[in-house]
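Structure first, then comments.
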Amino acid sequence: MVTISGFRPQSLIVYNRYTMKLSVIIPVYNEVGSIQEILKRVRATRLAGEIVVVDDGSQDGTRDVLKKLDGKSRVRVILHEKNQGKGAAVRTGLNAATGDVLLIQDADLEYDPRDYPVLLKPIEEGIADVVYGSRFLGGPRRVVMFWHMIANYMLTLMTNVLYNTILSDMETGYKVFRRKVINGMPLHARRFDFEPEFTAKVLKRHFRIYEVAISFNPRDYSEGKKIGLRDAVEAVWTLIKYRFVD
């Protein structure tokens, strides 16, 4: 087994793509223009044992596309009858997934599935239970939305202060983890508060987190970006709340 220089495996159970199953969870809301492309890119990696797509009450035709894809090429579609929020869709996907390793993939093409091998490597080598794909570790990225970047920096700094860690990107949408990480973990997020809630609970449980650099192609609000100021405020409250409760 190849190891990353300076690290020694701390677990006898490591990810092996030939013997362990990767479940890719894709929460979707009004992404008719990108859903087929993201599924194509995920399948092209040849790493996903199953792809669980949770449509969160889309009204733009996404559901019609997904109904035709359900059951084909390892794609499993779950439909929420009404919009509940990204966090709710992710939780539905986590509950339905059957893999040994779980990966959350946004449907909007901001995150590139070609980064899967990099994301899986720390788990494959036995040095991590959770891997975050960081947008701020030097990977290629589109240059856009300065204030959105500052908000990410501030939320990550708050996470580091509250939980005594050194993350560079708490809000990243690329989170990969062993199934054992969420076994018995209560998750309540309904919107974009999934990222701070999950991070807080992983850190409090002392799971091993590893960060890797990923590429990032963000879209702006004119292109359909959904996260906003309300979600930043909610993230602050979530980080504080879960510092003291579970």
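In the structure tokens, each chain is lettered A, B, ... as it comes, each chain's residues begin at 1, and ligands are numbered from 1 in order of appearance.
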_So that I can see what lies close to range 128-142 of chain A, please list as a ChimeraX atom specification the residues with an atom at most 10 Å from it, counting only C-alpha atoms and leaving out residues fewer than 3 positions away in the same chain._
/A:9-11,14-15,101-103,110-111,115-116,118-125,145,149,152-153,167-181,199,202,206-219
*asked:* Please identify the helix (DSSP H, G or I) residues within range 6-237 of chain A (assignment by DSSP from backbone atoms) and present them as a count of residues only.
replied: 85
*What lies within 8 Å of Phe194 in chain A using only C-alpha atoms, ignoring chain neighbours under 5 positions off, as a PyMOL selection string?*
chain A and resi 86-87+187-189
Write to file, as a JSON list (two decimals), in the first residue's frame, the residues of the selection just made, with N, CA and C atoms.
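Result file again27.json:
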```json
[["chain", "number", "residue", "atom", "x", "y", "z"],
["A", 86, "LYS", "N", -31.40, 22.05, 0.74],
["A", 86, "LYS", "CA", -30.28, 21.17, 0.40],
["A", 86, "LYS", "C", -29.95, 20.20, 1.53],
["A", 87, "GLY", "N", -29.93, 20.69, 2.75],
["A", 87, "GLY", "CA", -29.59, 19.82, 3.87],
["A", 87, "GLY", "C", -30.55, 18.65, 4.00],
["A", 187, "LEU", "N", -28.35, 14.37, 12.52],
["A", 187, "LEU", "CA", -28.22, 15.49, 11.59],
["A", 187, "LEU", "C", -29.59, 16.12, 11.39],
["A", 188, "HIS", "N", -29.66, 17.45, 11.58],
["A", 188, "HIS", "CA", -30.95, 18.14, 11.55],
["A", 188, "HIS", "C", -31.05, 19.19, 10.44],
["A", 189, "ALA", "N", -29.96, 19.44, 9.72],
["A", 189, "ALA", "CA", -29.92, 20.54, 8.75],
["A", 189, "ALA", "C", -30.98, 20.38, 7.68]]
```
*Can you pull out every residue within 9 Å of Gly93 in chain A, counting only C-alpha atoms, but drop anything in the same chain fewer than 6 positions away, and send it as a VMD selection string?*
chain A and resid 24 to 27 52 to 54 78
*Per DSSP on the backbone, what are the strand (DSSP E) residues of range 24-157 of chain A, as a list in words?*
Val24, Ile25, Ile26, Pro27, Val28, Glu50, Ile51, Val52, Val53, Val54, Asp55, Asp56, Val75, Arg76, Val77, Ile78, Leu79, His80, Val101, Leu102, Leu103, Ile104, Val130, Val131, Tyr132, Gly133 and Ser134 of chain A
